[in-house]
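The structure file coords.cif is reproduced below (mmCIF, C-alpha atoms (C1' of nucleotides)).
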data_target
#
loop_
_atom_site.label_atom_id
_atom_site.label_comp_id
_atom_site.auth_asym_id
_atom_site.auth_seq_id
_atom_site.Cartn_x
_atom_site.Cartn_y
_atom_site.Cartn_z
CA MET Z 1 0.00 0.00 0.00
CA ALA Z 2 2.45 2.65 1.15
CA ASP Z 3 5.00 1.12 -1.19
CA ASP Z 4 3.00 2.37 -4.14
CA VAL Z 5 3.01 5.87 -2.68
CA PHE Z 6 6.79 5.92 -2.40
CA LYS Z 7 7.16 4.56 -5.89
CA ALA Z 8 4.74 7.16 -7.19
CA LEU Z 9 6.66 9.97 -5.51
CA ALA Z 10 9.99 8.72 -6.81
CA ASP Z 11 9.59 10.36 -10.22
CA PRO Z 12 10.10 14.13 -10.56
CA THR Z 13 7.47 14.46 -13.29
CA ARG Z 14 4.86 12.84 -11.09
CA ARG Z 15 5.71 15.25 -8.31
CA ARG Z 16 5.23 18.09 -10.77
CA ILE Z 17 1.84 16.69 -11.66
CA LEU Z 18 0.91 16.76 -7.99
CA ASP Z 19 2.09 20.36 -7.89
CA GLU Z 20 -0.28 21.23 -10.72
CA LEU Z 21 -3.17 19.41 -9.11
CA VAL Z 22 -2.67 21.08 -5.76
CA GLU Z 23 -2.87 24.38 -7.59
CA ARG Z 24 -6.09 23.56 -9.38
CA ASP Z 25 -8.10 20.42 -8.80
CA GLY Z 26 -10.09 18.53 -11.40
CA GLN Z 27 -7.82 19.04 -14.37
CA THR Z 28 -8.04 16.94 -17.48
CA LEU Z 29 -5.20 15.10 -19.17
CA PHE Z 30 -4.60 17.75 -21.80
CA GLU Z 31 -4.63 20.52 -19.25
CA ILE Z 32 -1.98 18.83 -17.17
CA CYS Z 33 0.02 18.02 -20.28
CA ALA Z 34 -0.14 21.62 -21.49
CA ARG Z 35 0.83 22.99 -18.09
CA LEU Z 36 3.84 20.73 -17.80
CA VAL Z 37 5.04 21.81 -21.22
CA THR Z 38 4.46 25.54 -20.89
CA LYS Z 39 5.31 26.16 -17.25
CA HIS Z 40 8.09 23.65 -16.76
CA GLY Z 41 9.36 23.24 -20.28
CA LEU Z 42 8.99 19.49 -20.16
CA GLY Z 43 8.70 17.94 -23.59
CA LEU Z 44 6.71 14.81 -22.99
CA SER Z 45 3.93 13.15 -24.90
CA ARG Z 46 0.32 12.72 -23.89
CA GLN Z 47 0.78 9.02 -23.15
CA ALA Z 48 3.64 9.74 -20.82
CA VAL Z 49 1.41 11.93 -18.68
CA SER Z 50 -1.36 9.35 -18.91
CA GLN Z 51 0.93 6.65 -17.58
CA HIS Z 52 2.10 8.90 -14.80
CA LEU Z 53 -1.49 9.58 -13.84
CA ALA Z 54 -2.15 5.85 -13.78
CA VAL Z 55 0.69 5.36 -11.32
CA LEU Z 56 -0.58 8.20 -9.16
CA GLU Z 57 -4.07 6.77 -9.26
CA SER Z 58 -2.97 3.27 -8.26
CA ALA Z 59 -1.13 4.85 -5.34
CA GLY Z 60 -4.34 6.52 -4.19
CA LEU Z 61 -2.94 10.00 -4.69
CA VAL Z 62 -5.25 10.88 -7.57
CA HIS Z 63 -8.89 10.01 -8.03
CA VAL Z 64 -10.47 10.05 -11.46
CA ARG Z 65 -13.98 11.38 -12.02
CA ARG Z 66 -15.20 10.77 -15.54
CA GLN Z 67 -17.93 12.81 -17.11
CA GLY Z 68 -18.77 12.30 -20.74
CA ARG Z 69 -15.60 12.07 -22.71
CA TYR Z 70 -13.63 13.94 -20.08
CA ARG Z 71 -11.57 12.56 -17.22
CA PHE Z 72 -11.10 14.98 -14.36
CA HIS Z 73 -8.29 14.23 -11.95
CA ASP Z 74 -8.63 15.13 -8.30
CA LEU Z 75 -5.77 15.15 -5.85
CA ASP Z 76 -6.01 13.12 -2.66
CA THR Z 77 -3.42 14.09 -0.09
CA GLY Z 78 -4.58 11.43 2.34
CA PRO Z 79 -1.82 8.92 1.65
CA LEU Z 80 0.77 11.66 2.02
CA GLU Z 81 -0.01 12.69 5.55
CA HIS Z 82 1.44 9.80 7.51
CA ILE Z 83 4.15 8.69 5.13
CA ALA Z 84 7.11 9.86 7.16
CA ALA Z 85 5.48 9.11 10.52
CA ARG Z 86 6.94 5.63 10.24
CA TRP Z 87 10.36 6.97 11.19
CA LEU Z 88 9.30 10.07 13.10
CA THR Z 89 8.69 8.39 16.42
CA PRO Z 90 7.93 10.87 19.21
CA ASP Z 91 10.84 9.73 21.38
CA ARG Z 92 13.45 10.84 18.87
CA PRO Z 93 15.07 14.19 19.64
CA GLU Z 94 15.10 15.26 15.98
CA SER Z 95 11.35 15.12 15.72
CA THR Z 96 10.63 17.11 18.87
CA PRO Z 97 12.46 20.44 18.59
CA MET U 1 17.96 18.20 -2.60
CA ALA U 2 14.56 16.76 -1.82
CA ASP U 3 14.80 14.74 -5.00
CA ASP U 4 17.49 12.61 -3.43
CA VAL U 5 15.24 11.97 -0.44
CA PHE U 6 12.43 10.71 -2.64
CA LYS U 7 14.82 8.58 -4.62
CA ALA U 8 16.28 7.18 -1.43
CA LEU U 9 12.84 6.31 -0.09
CA ALA U 10 11.80 4.64 -3.33
CA ASP U 11 13.49 1.35 -2.52
CA PRO U 12 11.87 -1.03 0.00
CA THR U 13 15.21 -2.28 1.28
CA ARG U 14 16.35 1.24 2.08
CA ARG U 15 13.13 1.85 3.98
CA ARG U 16 13.84 -1.32 5.95
CA ILE U 17 17.28 0.01 6.76
CA LEU U 18 15.68 3.17 8.12
CA ASP U 19 13.39 0.95 10.19
CA GLU U 20 16.40 -0.73 11.72
CA LEU U 21 18.15 2.53 12.41
CA VAL U 22 15.12 4.08 14.07
CA GLU U 23 15.05 1.07 16.36
CA ARG U 24 18.71 1.35 17.32
CA ASP U 25 20.97 4.16 16.26
CA GLY U 26 24.67 3.88 15.50
CA GLN U 27 24.69 0.45 13.90
CA THR U 28 27.53 -0.78 11.79
CA LEU U 29 27.30 -2.24 8.31
CA PHE U 30 27.44 -5.86 9.46
CA GLU U 31 24.83 -5.28 12.12
CA ILE U 32 22.40 -3.84 9.62
CA CYS U 33 23.21 -6.58 7.17
CA ALA U 34 22.65 -9.30 9.79
CA ARG U 35 19.38 -7.74 10.93
CA LEU U 36 18.00 -7.55 7.42
CA VAL U 37 18.80 -11.19 6.84
CA THR U 38 17.56 -12.60 10.14
CA LYS U 39 14.55 -10.43 10.84
CA HIS U 40 13.28 -9.87 7.33
CA GLY U 41 14.68 -12.87 5.51
CA LEU U 42 16.31 -10.72 2.88
CA GLY U 43 19.18 -12.47 1.16
CA LEU U 44 21.45 -9.68 0.05
CA SER U 45 25.16 -9.24 0.07
CA ARG U 46 27.21 -6.85 2.16
CA GLN U 47 27.94 -4.57 -0.78
CA ALA U 48 24.27 -4.23 -1.53
CA VAL U 49 23.66 -2.84 1.96
CA SER U 50 26.74 -0.65 1.62
CA GLN U 51 25.45 0.87 -1.57
CA HIS U 52 22.04 1.43 -0.02
CA LEU U 53 23.69 3.22 2.88
CA ALA U 54 25.58 5.40 0.42
CA VAL U 55 22.31 6.45 -1.18
CA LEU U 56 20.76 7.17 2.20
CA GLU U 57 23.83 9.17 3.20
CA SER U 58 23.81 11.28 0.05
CA ALA U 59 20.16 12.02 0.75
CA GLY U 60 21.03 13.29 4.20
CA LEU U 61 19.00 10.62 5.93
CA VAL U 62 22.00 8.84 7.44
CA HIS U 63 25.15 10.32 8.89
CA VAL U 64 28.31 8.27 9.18
CA ARG U 65 30.55 8.51 12.22
CA ARG U 66 33.77 6.58 11.78
CA GLN U 67 35.79 5.36 14.69
CA GLY U 68 38.76 3.14 14.09
CA ARG U 69 37.81 0.47 11.62
CA TYR U 70 34.14 0.85 12.37
CA ARG U 71 31.55 2.99 10.62
CA PHE U 72 28.57 3.79 12.76
CA HIS U 73 25.44 4.94 10.96
CA ASP U 74 23.12 7.43 12.62
CA LEU U 75 19.64 8.20 11.38
CA ASP U 76 18.67 11.78 10.62
CA THR U 77 14.95 12.28 10.30
CA GLY U 78 15.33 15.94 9.46
CA PRO U 79 14.81 15.64 5.71
CA LEU U 80 11.72 13.52 6.32
CA GLU U 81 9.72 16.02 8.30
CA HIS U 82 8.64 18.44 5.61
CA ILE U 83 8.63 16.14 2.63
CA ALA U 84 4.88 15.96 2.14
CA ALA U 85 4.28 19.56 3.23
CA ARG U 86 4.76 20.56 -0.39
CA TRP U 87 1.29 19.26 -1.21
CA LEU U 88 -0.33 19.56 2.20
CA THR U 89 -1.28 23.20 1.94
CA PRO U 90 -3.43 24.38 4.85
CA ASP U 91 -6.32 25.45 2.64
CA ARG U 92 -7.01 21.96 1.41
CA PRO U 93 -9.91 20.19 3.12
CA GLU U 94 -8.09 16.83 3.21
CA SER U 95 -5.29 18.15 5.37
CA THR U 96 -7.54 19.85 7.93
CA PRO U 97 -9.93 17.24 9.31
"C1'" DA Q 1 54.53 -9.72 12.05
"C1'" DC Q 2 50.55 -12.26 10.99
"C1'" DG Q 3 45.85 -13.31 10.37
"C1'" DA Q 4 41.27 -11.84 11.02
"C1'" DT Q 5 37.83 -8.34 10.91
"C1'" DA Q 6 35.39 -4.13 8.83
"C1'" DG Q 7 34.89 -1.92 4.78
"C1'" DG Q 8 35.83 0.13 -0.19
"C1'" DC Q 9 36.25 0.12 -5.36
"C1'" DA Q 10 35.38 -1.00 -9.54
"C1'" DA Q 11 33.21 -3.70 -13.64
"C1'" DG Q 12 29.52 -6.51 -15.20
"C1'" DT Q 13 24.70 -8.34 -15.43
"C1'" DG Q 14 19.65 -8.60 -15.33
"C1'" DA Q 15 15.51 -6.35 -14.66
"C1'" DC Q 16 12.48 -2.62 -14.09
"C1'" DG Q 17 10.88 2.10 -15.41
"C1'" DG Q 18 9.94 6.05 -18.37
"C1'" DC Q 19 8.93 7.26 -22.88
"C1'" DT Q 20 7.68 6.80 -27.65
"C1'" DT Q 21 5.06 5.08 -31.63
"C1'" DG Q 22 1.08 3.35 -33.90
"C1'" DC Q 23 -3.45 2.06 -33.97
"C1'" DC Q 24 -8.06 1.80 -31.81
"C1'" DC Q 25 -12.49 3.25 -29.10
"C1'" DA Q 26 -15.84 6.60 -27.24
"C1'" DT Q 27 -18.09 11.02 -27.16
"C1'" DC Q 28 -19.60 15.50 -28.88
"C1'" DA Q 29 -20.53 19.22 -32.63
"C1'" DA Q 30 -21.82 20.16 -37.46
"C1'" DT J 1 -23.57 10.75 -40.33
"C1'" DT J 2 -19.21 12.54 -40.52
"C1'" DG J 3 -15.26 14.58 -38.59
"C1'" DA J 4 -12.96 16.24 -34.68
"C1'" DT J 5 -11.81 15.82 -29.85
"C1'" DG J 6 -10.40 13.19 -25.43
"C1'" DG J 7 -8.47 9.20 -24.17
"C1'" DG J 8 -6.86 3.94 -24.07
"C1'" DC J 9 -4.01 -0.21 -25.32
"C1'" DA J 10 0.08 -2.72 -26.63
"C1'" DA J 11 4.62 -3.32 -28.22
"C1'" DG J 12 9.22 -1.70 -28.37
"C1'" DC J 13 13.55 1.16 -27.12
"C1'" DC J 14 16.81 2.73 -23.97
"C1'" DG J 15 18.50 4.27 -19.67
"C1'" DT J 16 18.80 3.69 -14.81
"C1'" DC J 17 18.94 0.82 -10.78
"C1'" DA J 18 19.74 -3.02 -7.63
"C1'" DC J 19 22.75 -6.61 -7.03
"C1'" DT J 20 26.73 -9.61 -7.57
"C1'" DT J 21 31.61 -10.86 -8.09
"C1'" DG J 22 36.42 -10.18 -7.48
"C1'" DC J 23 40.09 -7.87 -5.60
"C1'" DC J 24 42.08 -4.35 -2.62
"C1'" DT J 25 42.96 -1.28 1.82
"C1'" DA J 26 42.91 -0.35 6.77
"C1'" DT J 27 42.51 -1.44 11.52
"C1'" DC J 28 42.59 -4.51 15.60
"C1'" DG J 29 44.01 -8.72 18.46
"C1'" DT J 30 47.55 -12.08 19.56
#
Represent the supplied structure as structure tokens.
Amino acid sequence: MADDVFKALADPTRRRILDELVERDGQTLFEICARLVTKHGLGLSRQAVSQHLAVLESAGLVHVRRQGRYRFHDLDTGPLEHIAARWLTPDRPESTP
Amino acid sequence: MADDVFKALADPTRRRILDELVERDGQTLFEICARLVTKHGLGLSRQAVSQHLAVLESAGLVHVRRQGRYRFHDLDTGPLEHIAARWLTPDRPESTP
DNA sequence: ACGATAGGCAAGTGACGGCTTGCCCATCAA
DNA sequence: TTGATGGGCAAGCCGTCACTTGCCTATCGT
């Protein structure tokens, strides 16, 4: 379960996609693709973004809401909240400044 | 900077190493290697663990303190604390239950 | 000094991941 | 109904990554 989240966060492009979704929720594939190209200068194809979204979806970080011929992608930050808590035990001095 | 942290956390074995270090700090290479084999049944060589520790060190998650012919590895949870904060903005409903 | 312990440095291999290409399906406007 | 739009599927290419193997260095005990 959490393994998929770490694997999903391992790629920089996927993290950029999360950045775009946290800025505006419910974007479609072409919107995300256009934003990555224009704002970040990334030259990647539509299928590349589609595969990245599939990885993010299987990790539970993105939920897809289809409507007609559109697929709107919504960010879910739930799996992110307790990711690092595994090593941030309260009895460690680093985690309690 | 944070890219190295995500890359370091991408591997399951490296996350196991962090689990061992959070349980007891200052372990040596052979200790970590023996723990991974006995407790988790992982059959990996000494160099594999050494390379994993190098990745964790370059990510700032592990600090090495050498003393004689020993290398003690100390966990540093600092880079872990604000990893997910990038997407956990306070105005999102998911992050404020 | 000698052997044993703790670790390092390559080079090589196999597999997985990211990306592309090409073709196909579904939905909407005209 | 036709064409255009939004997206999916499958195969293939190539790079990176995890891991091994072999040999080498340094430190400690006796």
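In this comparison, which uses only C-alpha atoms (C1' of nucleotides), the residue of J:DC24, J:DG8, J:DT30, J:DA18 approaching chain U most closely is J:DA18.
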Apply the PyMOL selection byres ((chain Z) within 10 of (chain Q)) to the structure shown and report the selected residues as a list of chain:residue names. Z:Asp11, Z:Leu44, Z:Ser45, Z:Gln47, Z:Ala48, Z:Val49, Z:Gln51, Z:His52, Z:Gly68, Z:Arg69, Z:Tyr70
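Each of U:Asp74, U:Glu31, U:Glu81, U:Glu20 was checked against chain Z using all atoms listed in the file; the smallest atom-to-atom distance is that of U:Glu81.
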Give me the chain J side of the contact with chain Z, cut-off 12 Å, one line per residue showing its nearest atom pair and distance in Å at one decimal, counting all atoms listed in the file, sorted by chain and residue number, as CSV.
residue,atom,partner,partner_atom,distance
J:DT5,C1',Z:Arg69,CA,8.9
J:DG6,C1',Z:Arg69,CA,6.0
J:DG7,C1',Z:Arg69,CA,7.8
J:DG8,C1',Z:Gln47,CA,9.2
J:DC9,C1',Z:Gln47,CA,10.6
Selection from above, C-alpha atoms (C1' of nucleotides), as a PDB file, in the frame of the given file, can you write it?
ATOM      1  C1'  DT J   5     -11.810  15.820 -29.850  1.00  0.00           C
ATOM      2  C1'  DG J   6     -10.400  13.190 -25.430  1.00  0.00           C
ATOM      3  C1'  DG J   7      -8.470   9.200 -24.170  1.00  0.00           C
ATOM      4  C1'  DG J   8      -6.860   3.940 -24.070  1.00  0.00           C
ATOM      5  C1'  DC J   9      -4.010  -0.210 -25.320  1.00  0.00           C
TER       6       DC J   9
END
Looking at Z:Phe72, Z:His40, Z:Leu9, Z:Ala2, which one is nearest to chain U, with distances taken over all atoms listed in the file? Z:Leu9
With a distance cut-off of 9 Å and all atoms listed in the file, select the neighbouring residues of Ala84 in chain Z, excluding the residue or stretch itself and same-chain residues fewer than 2 positions from it, and output the selection as an MDAnalysis selection string. (chainID Z and resid 80:82 86:88) or (chainID U and resid 77 80:84)
Please return the centre and edge lengths, in Å to one decimal, of a box with edges along x, y and z that contains all listed atoms of range 6-20 of chain J, widened by 6 Å on every side, as lines of an AutoDock Vina configuration file.
center_x = 8.2
center_y = 1.8
center_z = -17.7
size_x = 49.1
size_y = 34.8
size_z = 33.3
Could range 61-91 of chain Z be written out with N, CA and C atoms, as a PDB file, in the first residue's frame, please?
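Contents of result_7.pdb, freshly written:
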ATOM      1  N   LEU Z  61      -3.195   8.563  -4.805  1.00  0.00           N
ATOM      2  CA  LEU Z  61      -2.936   9.996  -4.687  1.00  0.00           C
ATOM      3  C   LEU Z  61      -3.831  10.821  -5.599  1.00  0.00           C
ATOM      4  N   VAL Z  62      -4.386  10.181  -6.616  1.00  0.00           N
ATOM      5  CA  VAL Z  62      -5.246  10.879  -7.567  1.00  0.00           C
ATOM      6  C   VAL Z  62      -6.495  10.037  -7.791  1.00  0.00           C
ATOM      7  N   HIS Z  63      -7.629  10.670  -7.736  1.00  0.00           N
ATOM      8  CA  HIS Z  63      -8.888  10.008  -8.032  1.00  0.00           C
ATOM      9  C   HIS Z  63      -9.443  10.565  -9.346  1.00  0.00           C
ATOM     10  N   VAL Z  64      -9.977   9.664 -10.156  1.00  0.00           N
ATOM     11  CA  VAL Z  64     -10.470  10.046 -11.463  1.00  0.00           C
ATOM     12  C   VAL Z  64     -11.988  10.099 -11.424  1.00  0.00           C
ATOM     13  N   ARG Z  65     -12.538  11.164 -12.005  1.00  0.00           N
ATOM     14  CA  ARG Z  65     -13.979  11.379 -12.025  1.00  0.00           C
ATOM     15  C   ARG Z  65     -14.350  11.636 -13.477  1.00  0.00           C
ATOM     16  N   ARG Z  66     -14.907  10.605 -14.121  1.00  0.00           N
ATOM     17  CA  ARG Z  66     -15.199  10.770 -15.538  1.00  0.00           C
ATOM     18  C   ARG Z  66     -16.591  11.330 -15.757  1.00  0.00           C
ATOM     19  N   GLN Z  67     -16.683  12.119 -16.822  1.00  0.00           N
ATOM     20  CA  GLN Z  67     -17.931  12.810 -17.115  1.00  0.00           C
ATOM     21  C   GLN Z  67     -17.948  13.033 -18.617  1.00  0.00           C
ATOM     22  N   GLY Z  68     -18.770  12.239 -19.288  1.00  0.00           N
ATOM     23  CA  GLY Z  68     -18.769  12.302 -20.740  1.00  0.00           C
ATOM     24  C   GLY Z  68     -17.484  11.763 -21.308  1.00  0.00           C
ATOM     25  N   ARG Z  69     -16.881  12.525 -22.170  1.00  0.00           N
ATOM     26  CA  ARG Z  69     -15.602  12.069 -22.711  1.00  0.00           C
ATOM     27  C   ARG Z  69     -14.421  12.689 -21.982  1.00  0.00           C
ATOM     28  N   TYR Z  70     -14.693  13.309 -20.852  1.00  0.00           N
ATOM     29  CA  TYR Z  70     -13.626  13.938 -20.081  1.00  0.00           C
ATOM     30  C   TYR Z  70     -13.268  13.088 -18.870  1.00  0.00           C
ATOM     31  N   ARG Z  71     -12.030  13.198 -18.449  1.00  0.00           N
ATOM     32  CA  ARG Z  71     -11.566  12.556 -17.216  1.00  0.00           C
ATOM     33  C   ARG Z  71     -10.945  13.626 -16.342  1.00  0.00           C
ATOM     34  N   PHE Z  72     -11.616  13.962 -15.273  1.00  0.00           N
ATOM     35  CA  PHE Z  72     -11.100  14.979 -14.358  1.00  0.00           C
ATOM     36  C   PHE Z  72     -10.326  14.285 -13.245  1.00  0.00           C
ATOM     37  N   HIS Z  73      -9.170  14.829 -12.946  1.00  0.00           N
ATOM     38  CA  HIS Z  73      -8.286  14.232 -11.946  1.00  0.00           C
ATOM     39  C   HIS Z  73      -8.280  15.096 -10.688  1.00  0.00           C
ATOM     40  N   ASP Z  74      -8.591  14.433  -9.582  1.00  0.00           N
ATOM     41  CA  ASP Z  74      -8.627  15.130  -8.297  1.00  0.00           C
ATOM     42  C   ASP Z  74      -7.519  14.606  -7.405  1.00  0.00           C
ATOM     43  N   LEU Z  75      -6.870  15.514  -6.745  1.00  0.00           N
ATOM     44  CA  LEU Z  75      -5.772  15.154  -5.847  1.00  0.00           C
ATOM     45  C   LEU Z  75      -6.313  14.661  -4.520  1.00  0.00           C
ATOM     46  N   ASP Z  76      -5.671  13.631  -3.989  1.00  0.00           N
ATOM     47  CA  ASP Z  76      -6.009  13.120  -2.655  1.00  0.00           C
ATOM     48  C   ASP Z  76      -4.728  13.084  -1.832  1.00  0.00           C
ATOM     49  N   THR Z  77      -4.644  14.001  -0.888  1.00  0.00           N
ATOM     50  CA  THR Z  77      -3.423  14.088  -0.092  1.00  0.00           C
ATOM     51  C   THR Z  77      -3.440  13.141   1.108  1.00  0.00           C
ATOM     52  N   GLY Z  78      -4.482  12.347   1.203  1.00  0.00           N
ATOM     53  CA  GLY Z  78      -4.585  11.430   2.339  1.00  0.00           C
ATOM     54  C   GLY Z  78      -3.376  10.532   2.512  1.00  0.00           C
ATOM     55  N   PRO Z  79      -2.976   9.810   1.473  1.00  0.00           N
ATOM     56  CA  PRO Z  79      -1.817   8.915   1.645  1.00  0.00           C
ATOM     57  C   PRO Z  79      -0.514   9.632   1.971  1.00  0.00           C
ATOM     58  N   LEU Z  80      -0.476  10.944   1.792  1.00  0.00           N
ATOM     59  CA  LEU Z  80       0.774  11.660   2.022  1.00  0.00           C
ATOM     60  C   LEU Z  80       0.984  12.028   3.484  1.00  0.00           C
ATOM     61  N   GLU Z  81      -0.101  12.055   4.234  1.00  0.00           N
ATOM     62  CA  GLU Z  81      -0.012  12.689   5.546  1.00  0.00           C
ATOM     63  C   GLU Z  81       0.841  11.911   6.541  1.00  0.00           C
ATOM     64  N   HIS Z  82       0.738  10.598   6.503  1.00  0.00           N
ATOM     65  CA  HIS Z  82       1.443   9.801   7.508  1.00  0.00           C
ATOM     66  C   HIS Z  82       2.550   8.952   6.896  1.00  0.00           C
ATOM     67  N   ILE Z  83       3.088   9.439   5.798  1.00  0.00           N
ATOM     68  CA  ILE Z  83       4.149   8.693   5.130  1.00  0.00           C
ATOM     69  C   ILE Z  83       5.403   8.637   5.983  1.00  0.00           C
ATOM     70  N   ALA Z  84       5.851   9.785   6.438  1.00  0.00           N
ATOM     71  CA  ALA Z  84       7.112   9.860   7.164  1.00  0.00           C
ATOM     72  C   ALA Z  84       6.949   9.517   8.640  1.00  0.00           C
ATOM     73  N   ALA Z  85       5.709   9.380   9.102  1.00  0.00           N
ATOM     74  CA  ALA Z  85       5.478   9.106  10.521  1.00  0.00           C
ATOM     75  C   ALA Z  85       6.069   7.767  10.948  1.00  0.00           C
ATOM     76  N   ARG Z  86       6.345   6.927   9.949  1.00  0.00           N
ATOM     77  CA  ARG Z  86       6.937   5.626  10.243  1.00  0.00           C
ATOM     78  C   ARG Z  86       8.292   5.748  10.931  1.00  0.00           C
ATOM     79  N   TRP Z  87       9.032   6.796  10.593  1.00  0.00           N
ATOM     80  CA  TRP Z  87      10.359   6.969  11.194  1.00  0.00           C
ATOM     81  C   TRP Z  87      10.395   8.144  12.161  1.00  0.00           C
ATOM     82  N   LEU Z  88       9.330   8.912  12.204  1.00  0.00           N
ATOM     83  CA  LEU Z  88       9.299  10.065  13.095  1.00  0.00           C
ATOM     84  C   LEU Z  88       8.623   9.686  14.402  1.00  0.00           C
ATOM     85  N   THR Z  89       9.243   8.779  15.131  1.00  0.00           N
ATOM     86  CA  THR Z  89       8.686   8.387  16.422  1.00  0.00           C
ATOM     87  C   THR Z  89       8.851   9.542  17.407  1.00  0.00           C
ATOM     88  N   PRO Z  90       7.905   9.702  18.328  1.00  0.00           N
ATOM     89  CA  PRO Z  90       7.927  10.872  19.209  1.00  0.00           C
ATOM     90  C   PRO Z  90       9.092  10.882  20.190  1.00  0.00           C
ATOM     91  N   ASP Z  91       9.760   9.744  20.397  1.00  0.00           N
ATOM     92  CA  ASP Z  91      10.842   9.725  21.379  1.00  0.00           C
ATOM     93  C   ASP Z  91      12.190  10.085  20.775  1.00  0.00           C
TER      94      ASP Z  91
END
